[in-house]
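Text of the file structure21.txt, holding compact mmCIF, C-alpha atoms:
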```txt
# COMPACT_ATOMS: atom_id res chain seq x y z
CA MET A 1 28.14 30.87 -2.46
CA PHE A 2 25.76 28.82 -0.33
CA LYS A 3 24.70 29.52 3.20
CA LEU A 4 23.75 26.48 5.29
CA TYR A 5 21.76 27.04 8.46
CA TYR A 6 22.41 24.22 10.90
CA THR A 7 22.29 23.29 14.57
CA PRO A 8 24.90 20.94 16.04
CA ASN A 9 23.70 17.39 16.66
CA THR A 10 20.87 17.58 14.13
CA CYS A 11 20.32 16.04 10.71
CA ALA A 12 21.74 19.24 9.19
CA LEU A 13 25.17 17.62 9.53
CA ALA A 14 24.42 15.46 6.48
CA SER A 15 24.05 18.52 4.26
CA HIS A 16 27.11 20.11 5.87
CA ILE A 17 29.20 17.04 5.02
CA ALA A 18 27.88 16.87 1.46
CA LEU A 19 28.65 20.54 0.86
CA GLU A 20 32.15 20.07 2.22
CA GLN A 21 32.63 17.09 -0.09
CA THR A 22 31.77 19.09 -3.22
CA GLY A 23 34.44 21.71 -2.63
CA ALA A 24 31.77 24.39 -3.16
CA ALA A 25 32.05 27.77 -1.46
CA TYR A 26 29.65 27.90 1.48
CA GLU A 27 29.17 29.42 4.87
CA ALA A 28 27.73 27.34 7.73
CA VAL A 29 25.60 29.46 10.06
CA ARG A 30 24.61 28.14 13.46
CA VAL A 31 21.00 28.40 14.65
CA ASP A 32 20.86 28.16 18.42
CA PHE A 33 18.01 25.84 19.41
CA ALA A 34 18.72 26.28 23.14
CA SER A 35 17.80 29.98 23.00
CA GLY A 36 14.94 29.41 20.53
CA GLY A 37 16.88 30.73 17.53
CA GLN A 38 14.80 28.64 15.17
CA ARG A 39 11.68 30.55 16.26
CA ARG A 40 13.08 34.05 15.76
CA PRO A 41 11.45 36.14 13.00
CA GLU A 42 14.79 36.50 11.18
CA TYR A 43 15.09 32.74 10.89
CA LEU A 44 11.42 32.11 10.16
CA ALA A 45 11.79 34.49 7.22
CA ILE A 46 14.36 32.03 5.84
CA ASN A 47 12.60 28.82 6.86
CA PRO A 48 8.98 29.22 8.00
CA LYS A 49 9.08 25.67 9.36
CA GLY A 50 11.50 26.76 12.08
CA ARG A 51 13.73 23.75 11.51
CA VAL A 52 17.21 23.02 10.23
CA PRO A 53 18.75 22.52 7.76
CA ALA A 54 17.99 25.38 5.40
CA LEU A 55 20.22 25.94 2.39
CA VAL A 56 20.26 29.44 0.94
CA THR A 57 21.17 29.37 -2.75
CA GLU A 58 21.22 32.11 -5.35
CA ARG A 59 17.89 30.75 -6.64
CA GLY A 60 16.21 30.66 -3.22
CA VAL A 61 16.00 28.59 -0.05
CA LEU A 62 15.78 24.81 0.12
CA THR A 63 14.77 22.73 3.13
CA GLU A 64 14.31 19.00 3.84
CA THR A 65 17.48 16.92 3.94
CA PRO A 66 16.71 14.48 1.08
CA ALA A 67 15.96 17.39 -1.27
CA ILE A 68 19.08 19.33 -0.23
CA LEU A 69 21.32 16.27 -0.60
CA ALA A 70 19.99 15.44 -4.07
CA PHE A 71 20.36 19.09 -5.08
CA ILE A 72 23.99 19.18 -3.94
CA ALA A 73 24.75 15.94 -5.78
CA GLN A 74 23.07 17.14 -8.98
CA SER A 75 24.71 20.57 -8.82
CA TYR A 76 28.22 19.12 -8.43
CA PRO A 77 28.24 15.99 -10.60
CA GLN A 78 32.05 15.97 -10.61
CA ALA A 79 31.98 15.26 -6.84
CA ARG A 80 30.21 11.97 -7.67
CA LEU A 81 27.98 12.05 -4.60
CA ALA A 82 25.13 10.21 -6.35
CA PRO A 83 24.56 8.42 -9.67
CA VAL A 84 22.81 11.49 -11.06
CA GLU A 85 22.95 10.32 -14.66
CA GLU A 86 21.09 7.07 -14.06
CA PRO A 87 17.44 7.50 -13.01
CA PHE A 88 17.08 4.04 -11.48
CA ALA A 89 20.33 4.15 -9.47
CA PHE A 90 19.52 7.73 -8.42
CA ALA A 91 16.07 6.56 -7.32
CA GLN A 92 17.67 3.85 -5.19
CA ALA A 93 19.68 6.51 -3.38
CA GLN A 94 16.55 8.59 -2.97
CA GLU A 95 14.64 5.56 -1.68
CA PHE A 96 17.23 5.09 1.05
CA ASN A 97 17.23 8.77 2.01
CA SER A 98 13.43 8.81 2.06
CA TYR A 99 13.49 5.87 4.48
CA LEU A 100 15.94 7.76 6.69
CA CYS A 101 13.77 10.88 6.86
CA SER A 102 10.33 9.32 7.14
CA THR A 103 11.08 6.20 9.19
CA VAL A 104 14.47 6.41 10.95
CA HIS A 105 14.47 10.10 11.86
CA VAL A 106 10.79 9.97 12.79
CA ALA A 107 11.33 7.00 15.13
CA HIS A 108 14.16 8.94 16.79
CA ALA A 109 12.01 12.08 17.09
CA HIS A 110 9.60 10.24 19.35
CA ARG A 111 12.21 10.42 22.10
CA MET A 112 12.73 14.18 22.12
CA ARG A 113 10.01 15.76 19.99
CA GLY A 114 6.81 14.05 21.07
CA THR A 115 5.10 17.45 21.26
CA ARG A 116 4.93 17.32 17.47
CA TRP A 117 2.16 14.74 17.75
CA SER A 118 0.55 15.19 21.15
CA GLU A 119 0.02 17.73 23.92
CA ASP A 120 -0.64 15.07 26.53
CA PRO A 121 2.33 14.54 28.91
CA ALA A 122 1.55 10.84 29.44
CA THR A 123 1.40 10.22 25.69
CA ILE A 124 4.65 12.12 25.16
CA GLU A 125 6.25 10.04 27.90
CA GLY A 126 4.89 6.88 26.28
CA MET A 127 6.36 7.85 22.91
CA LYS A 128 9.73 8.39 24.58
CA ARG A 129 9.58 4.89 26.07
CA GLY A 130 8.81 3.41 22.65
CA ALA A 131 11.70 5.07 20.82
CA PRO A 132 14.51 2.58 21.61
CA LYS A 133 12.56 -0.28 20.08
CA SER A 134 11.36 1.51 16.94
CA VAL A 135 14.75 3.12 16.29
CA ALA A 136 16.41 -0.29 16.74
CA ALA A 137 13.93 -1.87 14.31
CA ALA A 138 14.53 0.83 11.70
CA PHE A 139 18.31 0.46 11.95
CA GLY A 140 17.92 -3.33 12.00
CA ALA A 141 16.45 -3.20 8.49
CA ILE A 142 19.46 -1.14 7.38
CA GLU A 143 21.87 -3.57 9.05
CA GLU A 144 20.25 -6.60 7.46
CA GLY A 145 19.74 -5.43 3.94
CA MET A 146 19.68 -1.81 2.90
CA LEU A 147 23.33 -1.13 3.67
CA LYS A 148 24.88 -3.01 0.76
CA GLY A 149 28.49 -2.51 1.83
CA PRO A 150 31.06 -1.20 1.93
CA TRP A 151 28.91 1.89 1.34
CA VAL A 152 25.14 2.19 1.48
CA MET A 153 24.73 1.91 -2.28
CA GLY A 154 27.55 -0.61 -2.71
CA GLU A 155 30.97 0.20 -4.13
CA ALA A 156 30.51 3.95 -4.39
CA TYR A 157 30.25 6.44 -1.53
CA THR A 158 27.14 8.66 -1.92
CA ILE A 159 24.99 11.22 -0.10
CA CYS A 160 23.27 8.22 1.54
CA ASP A 161 26.43 7.57 3.56
CA ALA A 162 26.60 11.10 4.94
CA TYR A 163 22.94 10.90 5.92
CA LEU A 164 23.12 7.43 7.50
CA PHE A 165 26.26 8.45 9.41
CA THR A 166 24.46 11.54 10.72
CA LEU A 167 21.44 9.66 12.06
CA ALA A 168 23.66 6.89 13.47
CA GLN A 169 25.20 9.51 15.79
CA TRP A 170 22.05 9.26 17.90
CA LEU A 171 21.96 5.48 18.46
CA GLU A 172 23.45 5.46 21.95
CA ALA A 173 21.32 8.36 23.19
CA ASP A 174 18.26 6.61 21.75
CA GLY A 175 19.02 3.57 23.93
CA VAL A 176 19.74 1.21 21.04
CA ASP A 177 22.02 -1.80 21.57
CA THR A 178 24.70 -1.00 19.01
CA GLY A 179 26.23 -4.45 19.51
CA LYS A 180 23.44 -5.73 17.28
CA LEU A 181 24.40 -3.34 14.49
CA PRO A 182 28.01 -4.27 13.62
CA ARG A 183 27.77 -3.25 9.97
CA VAL A 184 26.12 0.09 10.77
CA MET A 185 28.76 0.78 13.44
CA ASP A 186 31.63 -0.14 11.13
CA HIS A 187 30.14 2.16 8.49
CA ARG A 188 29.86 4.93 11.07
CA SER A 189 33.54 4.60 11.96
CA ARG A 190 34.65 4.69 8.35
CA VAL A 191 32.58 7.78 7.53
CA ALA A 192 33.78 9.49 10.73
CA ALA A 193 37.36 9.10 9.54
CA MET A 194 36.81 10.93 6.23
CA PRO A 195 38.58 14.32 6.17
CA ALA A 196 35.52 16.25 4.95
CA VAL A 197 33.41 14.72 7.70
CA ARG A 198 35.94 15.58 10.39
CA LYS A 199 36.14 19.11 9.06
CA ALA A 200 32.35 19.60 9.12
CA ILE A 201 32.05 18.21 12.65
CA GLU A 202 34.98 20.22 13.97
CA HIS A 203 33.46 23.36 12.49
CA GLU A 204 30.13 22.69 14.22
CA LEU A 205 31.81 21.97 17.55
CA ARG A 206 34.00 25.06 17.31
CA GLN A 207 31.04 27.34 16.61
CA ALA A 208 29.10 25.71 19.43
CA GLY A 209 31.93 26.10 21.92
CA MET B 1 6.42 -2.80 -18.36
CA PHE B 2 6.14 -1.73 -14.72
CA LYS B 3 4.27 -3.49 -11.98
CA LEU B 4 2.93 -1.30 -9.19
CA TYR B 5 1.91 -2.95 -5.94
CA TYR B 6 -0.70 -0.85 -4.20
CA THR B 7 -3.49 -0.98 -1.64
CA PRO B 8 -6.59 1.21 -2.06
CA ASN B 9 -6.74 4.27 0.20
CA THR B 10 -2.98 4.40 0.74
CA CYS B 11 -0.26 6.74 -0.50
CA ALA B 12 0.37 4.30 -3.36
CA LEU B 13 -2.32 6.19 -5.27
CA ALA B 14 0.17 8.98 -5.96
CA SER B 15 2.48 6.61 -7.86
CA HIS B 16 -0.52 5.05 -9.62
CA ILE B 17 -1.62 8.47 -10.85
CA ALA B 18 1.88 9.44 -11.97
CA LEU B 19 2.29 6.19 -13.91
CA GLU B 20 -1.07 6.73 -15.58
CA GLN B 21 -0.02 10.26 -16.52
CA THR B 22 3.13 9.08 -18.31
CA GLY B 23 1.31 6.78 -20.68
CA ALA B 24 3.78 4.02 -19.72
CA ALA B 25 2.75 0.38 -19.83
CA TYR B 26 2.13 -0.85 -16.30
CA GLU B 27 0.09 -3.30 -14.30
CA ALA B 28 -1.38 -2.28 -10.94
CA VAL B 29 -1.48 -5.20 -8.51
CA ARG B 30 -3.55 -5.01 -5.36
CA VAL B 31 -2.06 -6.03 -2.02
CA ASP B 32 -4.82 -6.84 0.45
CA PHE B 33 -4.00 -5.27 3.82
CA ALA B 34 -7.20 -6.63 5.41
CA SER B 35 -6.03 -10.23 4.99
CA GLY B 36 -2.40 -9.38 5.80
CA GLY B 37 -1.26 -9.59 2.19
CA GLN B 38 1.60 -7.20 2.89
CA ARG B 39 3.06 -9.71 5.35
CA ARG B 40 2.97 -12.74 3.05
CA PRO B 41 6.35 -14.18 2.03
CA GLU B 42 5.61 -13.59 -1.66
CA TYR B 43 5.15 -9.89 -1.04
CA LEU B 44 7.99 -9.56 1.46
CA ALA B 45 10.26 -10.98 -1.25
CA ILE B 46 9.32 -7.94 -3.33
CA ASN B 47 9.28 -5.36 -0.52
CA PRO B 48 10.83 -6.54 2.77
CA LYS B 49 9.29 -3.51 4.50
CA GLY B 50 5.81 -4.98 4.03
CA ARG B 51 4.42 -1.68 2.82
CA VAL B 52 3.03 -0.18 -0.36
CA PRO B 53 3.81 1.17 -2.86
CA ALA B 54 6.44 -1.00 -4.50
CA LEU B 55 7.32 -0.44 -8.13
CA VAL B 56 8.83 -3.38 -9.99
CA THR B 57 10.99 -2.19 -12.87
CA GLU B 58 13.27 -4.08 -15.24
CA ARG B 59 16.21 -2.85 -13.14
CA GLY B 60 14.72 -3.92 -9.80
CA VAL B 61 12.22 -2.83 -7.17
CA LEU B 62 11.75 0.69 -5.87
CA THR B 63 9.87 1.72 -2.72
CA GLU B 64 9.18 5.04 -0.94
CA THR B 65 6.77 7.40 -2.69
CA PRO B 66 9.10 10.40 -3.17
CA ALA B 67 11.72 8.17 -4.82
CA ILE B 68 9.17 6.44 -7.06
CA LEU B 69 7.60 9.73 -8.13
CA ALA B 70 10.96 11.31 -9.00
CA PHE B 71 11.95 8.15 -10.88
CA ILE B 72 8.75 8.21 -12.93
CA ALA B 73 9.21 11.91 -13.74
CA GLN B 74 12.86 11.41 -14.74
CA SER B 75 12.11 8.30 -16.79
CA TYR B 76 9.36 10.03 -18.80
CA PRO B 77 10.57 13.60 -19.27
CA GLN B 78 8.10 14.11 -22.12
CA ALA B 79 5.23 13.77 -19.61
CA ARG B 80 6.59 16.89 -17.88
CA LEU B 81 5.73 15.70 -14.39
CA ALA B 82 8.65 17.56 -12.79
CA PRO B 83 11.29 20.10 -13.89
CA VAL B 84 13.86 17.33 -14.24
CA GLU B 85 16.34 19.44 -16.21
CA GLU B 86 16.68 22.15 -13.55
CA PRO B 87 18.32 20.98 -10.31
CA PHE B 88 16.96 23.83 -8.17
CA ALA B 89 13.36 23.58 -9.42
CA PHE B 90 13.54 19.78 -9.17
CA ALA B 91 14.81 20.16 -5.60
CA GLN B 92 11.83 22.37 -4.77
CA ALA B 93 9.50 19.58 -5.91
CA GLN B 94 11.49 17.09 -3.88
CA GLU B 95 11.38 19.39 -0.85
CA PHE B 96 7.59 19.43 -1.01
CA ASN B 97 7.36 15.66 -1.44
CA SER B 98 9.77 15.12 1.42
CA TYR B 99 7.56 17.27 3.65
CA LEU B 100 4.55 15.17 2.62
CA CYS B 101 6.22 11.88 3.50
CA SER B 102 8.05 12.85 6.67
CA THR B 103 5.63 15.36 8.21
CA VAL B 104 2.13 15.11 6.67
CA HIS B 105 1.92 11.34 6.21
CA VAL B 106 3.61 10.75 9.57
CA ALA B 107 1.13 13.00 11.38
CA HIS B 108 -1.71 11.07 9.73
CA ALA B 109 -0.14 7.72 10.65
CA HIS B 110 -0.49 8.55 14.34
CA ARG B 111 -4.22 7.97 14.01
CA MET B 112 -4.11 4.44 12.59
CA ARG B 113 -0.54 3.16 12.91
CA GLY B 114 0.52 4.10 16.42
CA THR B 115 1.91 0.60 16.90
CA ARG B 116 4.85 1.71 14.77
CA TRP B 117 6.10 3.73 17.72
CA SER B 118 4.65 2.18 20.87
CA GLU B 119 3.25 -1.06 22.25
CA ASP B 120 1.37 0.70 25.04
CA PRO B 121 -2.39 0.92 24.38
CA ALA B 122 -2.77 4.21 26.29
CA THR B 123 0.06 5.81 24.31
CA ILE B 124 -1.41 4.56 21.04
CA GLU B 125 -4.77 6.00 22.05
CA GLY B 126 -3.07 9.28 22.97
CA MET B 127 -1.38 9.45 19.56
CA LYS B 128 -4.76 8.92 17.91
CA ARG B 129 -6.21 11.84 19.86
CA GLY B 130 -3.33 14.08 18.78
CA ALA B 131 -3.64 13.37 15.06
CA PRO B 132 -6.37 15.87 14.10
CA LYS B 133 -4.31 18.77 15.43
CA SER B 134 -0.96 17.75 13.95
CA VAL B 135 -2.46 16.84 10.57
CA ALA B 136 -4.31 20.18 10.53
CA ALA B 137 -1.09 22.04 11.35
CA ALA B 138 0.82 20.24 8.59
CA PHE B 139 -1.87 21.02 6.01
CA GLY B 140 -2.12 24.56 7.37
CA ALA B 141 1.47 25.20 6.31
CA ILE B 142 0.61 23.94 2.83
CA GLU B 143 -2.53 26.10 2.69
CA GLU B 144 -0.66 29.22 3.78
CA GLY B 145 2.46 29.00 1.72
CA MET B 146 3.74 25.82 0.16
CA LEU B 147 0.87 25.43 -2.32
CA LYS B 148 1.81 28.21 -4.73
CA GLY B 149 -1.25 27.89 -6.95
CA PRO B 150 -2.84 26.95 -9.15
CA TRP B 151 -0.61 23.89 -8.74
CA VAL B 152 1.77 23.09 -5.89
CA MET B 153 4.82 24.32 -7.78
CA GLY B 154 2.98 27.21 -9.47
CA GLU B 155 1.94 27.26 -13.11
CA ALA B 156 2.92 23.68 -13.94
CA TYR B 157 1.25 20.51 -12.69
CA THR B 158 3.84 18.10 -11.20
CA ILE B 159 4.20 14.88 -9.19
CA CYS B 160 3.71 17.07 -6.09
CA ASP B 161 0.07 17.55 -7.08
CA ALA B 162 -0.63 13.82 -7.34
CA TYR B 163 0.99 13.29 -3.95
CA LEU B 164 -0.77 16.19 -2.18
CA PHE B 165 -4.10 15.08 -3.66
CA THR B 166 -3.52 11.56 -2.36
CA LEU B 167 -2.81 12.60 1.23
CA ALA B 168 -5.66 15.14 1.17
CA GLN B 169 -8.06 12.20 0.70
CA TRP B 170 -7.63 11.48 4.40
CA LEU B 171 -8.48 14.90 5.84
CA GLU B 172 -12.05 14.17 6.84
CA ALA B 173 -11.24 10.79 8.39
CA ASP B 174 -8.40 12.46 10.29
CA GLY B 175 -10.90 14.86 11.86
CA VAL B 176 -9.51 17.99 10.22
CA ASP B 177 -11.77 21.01 9.66
CA THR B 178 -11.51 21.28 5.88
CA GLY B 179 -13.31 24.64 5.98
CA LYS B 180 -9.99 26.11 7.08
CA LEU B 181 -8.22 24.72 4.01
CA PRO B 182 -10.03 26.29 1.05
CA ARG B 183 -6.99 26.29 -1.25
CA VAL B 184 -6.11 22.67 -0.45
CA MET B 185 -9.73 21.63 -1.01
CA ASP B 186 -9.98 23.51 -4.30
CA HIS B 187 -6.74 21.84 -5.40
CA ARG B 188 -8.13 18.45 -4.39
CA SER B 189 -11.24 19.01 -6.53
CA ARG B 190 -9.23 20.03 -9.56
CA VAL B 191 -6.89 17.05 -9.34
CA ALA B 192 -9.85 14.71 -8.78
CA ALA B 193 -11.33 15.85 -12.10
CA MET B 194 -8.26 14.94 -14.16
CA PRO B 195 -8.93 11.95 -16.45
CA ALA B 196 -5.78 10.05 -15.42
CA VAL B 197 -6.67 10.49 -11.76
CA ARG B 198 -10.21 9.25 -12.28
CA LYS B 199 -8.90 6.27 -14.19
CA ALA B 200 -6.42 5.31 -11.44
CA ILE B 201 -9.04 5.64 -8.71
CA GLU B 202 -11.67 3.73 -10.66
CA HIS B 203 -9.19 0.95 -11.26
CA GLU B 204 -8.40 0.68 -7.55
CA LEU B 205 -12.08 0.68 -6.59
CA ARG B 206 -12.92 -1.92 -9.23
CA GLN B 207 -10.17 -4.27 -8.07
CA ALA B 208 -11.24 -3.76 -4.46
CA GLY B 209 -14.89 -4.41 -5.20
```

Before anything else, please render the file you have as structure tokens.
Amino acid sequence: MFKLYYTPNTCALASHIALEQTGAAYEAVRVDFASGGQRRPEYLAINPKGRVPALVTERGVLTETPAILAFIAQSYPQARLAPVEEPFAFAQAQEFNSYLCSTVHVAHAHRMRGTRWSEDPATIEGMKRGAPKSVAAAFGAIEEGMLKGPWVMGEAYTICDAYLFTLAQWLEADGVDTGKLPRVMDHRSRVAAMPAVRKAIEHELRQAG
Amino acid sequence: MFKLYYTPNTCALASHIALEQTGAAYEAVRVDFASGGQRRPEYLAINPKGRVPALVTERGVLTETPAILAFIAQSYPQARLAPVEEPFAFAQAQEFNSYLCSTVHVAHAHRMRGTRWSEDPATIEGMKRGAPKSVAAAFGAIEEGMLKGPWVMGEAYTICDAYLFTLAQWLEADGVDTGKLPRVMDHRSRVAAMPAVRKAIEHELRQAG
């Protein structure tokens, strides 16, 4: 039995979707960012970073989306969420997820989380202004090459698709012209229609409401 | 036979060290950032991102340090560079490496690579000013908890150690007070003394000189 700590509208959705797709028993527990839930001692005891997601397993707690996604895929090979038996193909999936966390998500974070890198209001404001362009550039590289089609890794759906879908939720709010990303947007629609994805999103909305 | 594209004083050193520690046959090829080598068509054909590292394998090219490190560890299990047979322990190593790429390296990049996120000179200057504090905070979390000791993951040396060592090379240049990081600095010294690490660094310096 896993316990996934998440906040709606964060990258935790990717892990939520992956868990749902394995058929594993899990409980999704909401951390309320608005009231500072991620900074409460109870939560910091689970994840000292004060971020989501955090996956509580019987062996201990895991954080960081790429690590959680790979763990889920390796723990449930029958769900076929990654080519876990082939080191090179697995590395390609990891390469994509690493790009999402260190380039795409980071570009996005400059819009809302500039305080991570500066205390100066003018600098934080400047980072916010820069976000649409850097997020667009990061997604442009996905549009033009990394997204092989129909799924990220090609013929097979993987954890990369859940993660890309999750970050693509933020495109409009980040001020990106989605008309220039037809393949990414088509991918987003197809993932959104998957039953497990709808179930994970509906659960998050229900708990939030 | 692998080919590793690297630039001295970049995160590519982590992959260089890991390759050296496997005993695998590889060639390390220098990409000259100073003359814009990473933007030349020949290199962009290998890595369209125009970054290092890039690992050319017989199956194709891999980029992104966490993916390359996990691939090396999985491809050479006898080198025991990660607990590749245990999904949870492997995920813990991946969690640490993901933190290094998306938090530690990104904080560092605000000092030298602000143009990734803004075109505004004042914002770029502001990011530079913020780097010492955010890099110190990121390493502080490693000092206080993530580095289990004696190695990152505890008793066994792993790919996490090569990666942490690599990013810890930049502490002084990033303006971080290393006196507050005694465990990180002790770890850095111990990794620096490993024969494979010395060999990788000497190779990079020799090619650069």

**OP:** Residues of chain A no more than 6 Å from chain B, counting all atoms listed in the file: send them over as a PyMOL selection string.
**Re:** chain A and resi 64+67+71+87+91+94-95+102+117-118+123+126+130+134

**OP:** Calculate how many Å separate CA of Val197 (chain A) from CA of Thr22 (chain A), rounding to one decimal.
**Re:** 11.9 Å

Subject >> Polymer residues at most 9 Å from Leu13 (chain B), all atoms listed in the file, same-chain spacing of 3 or more positions, as a ChimeraX atom specification >> reply: /B:6-10,16-18,53,162-163,166,197,200-201,204

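The space separating CA of Leu55 (chain A) from CA of Phe2 (chain A) comes to 6.8 Å.
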
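In this model, the gap between CA of Tyr43 (chain B) and CA of Val184 (chain A) comes to 26.1 Å.
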
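Minimum atom-to-atom distances from A:Leu19, A:Val84, A:Ala193, A:Ala14 to Cys160 (chain A) were compared using all atoms listed in the file, and the lowest value belongs to A:Ala14.
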
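Within a radius of 12 Å around (30.3, 1.9, -8.8), the polymer residues are Arg80, Leu81, Ala82, Pro83, Glu86, Ala89, Gly149, Pro150, Trp151, Val152, Met153, Gly154, Glu155, Ala156, Tyr157 and Thr158 of chain A, counting all atoms listed in the file.
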
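Using all atoms listed in the file for every distance, the candidate list B:Met112, B:Tyr26, B:Gln21, B:Ala54 yields B:Gln21 as the residue closest to Ala79 (chain B).
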
Give the centre and edge lengths of an axis-aligned box, in Å to one decimal, that holds all listed atoms of region 141-147 of chain B with 8 Å on each side, as AutoDock Vina command-line options.
```
--center_x 0.6 --center_y 26.6 --center_z 2.0 --size_x 22.3 --size_y 21.3 --size_z 24.6
```

Subject >> Which of A:Val52, A:Ala109, A:Leu147, A:Leu164 sits closest to Asp32 (chain A) [using only C-alpha atoms] >> reply: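 Among the listed residues, the smallest separation from Asp32 (chain A) belongs to A:Val52.
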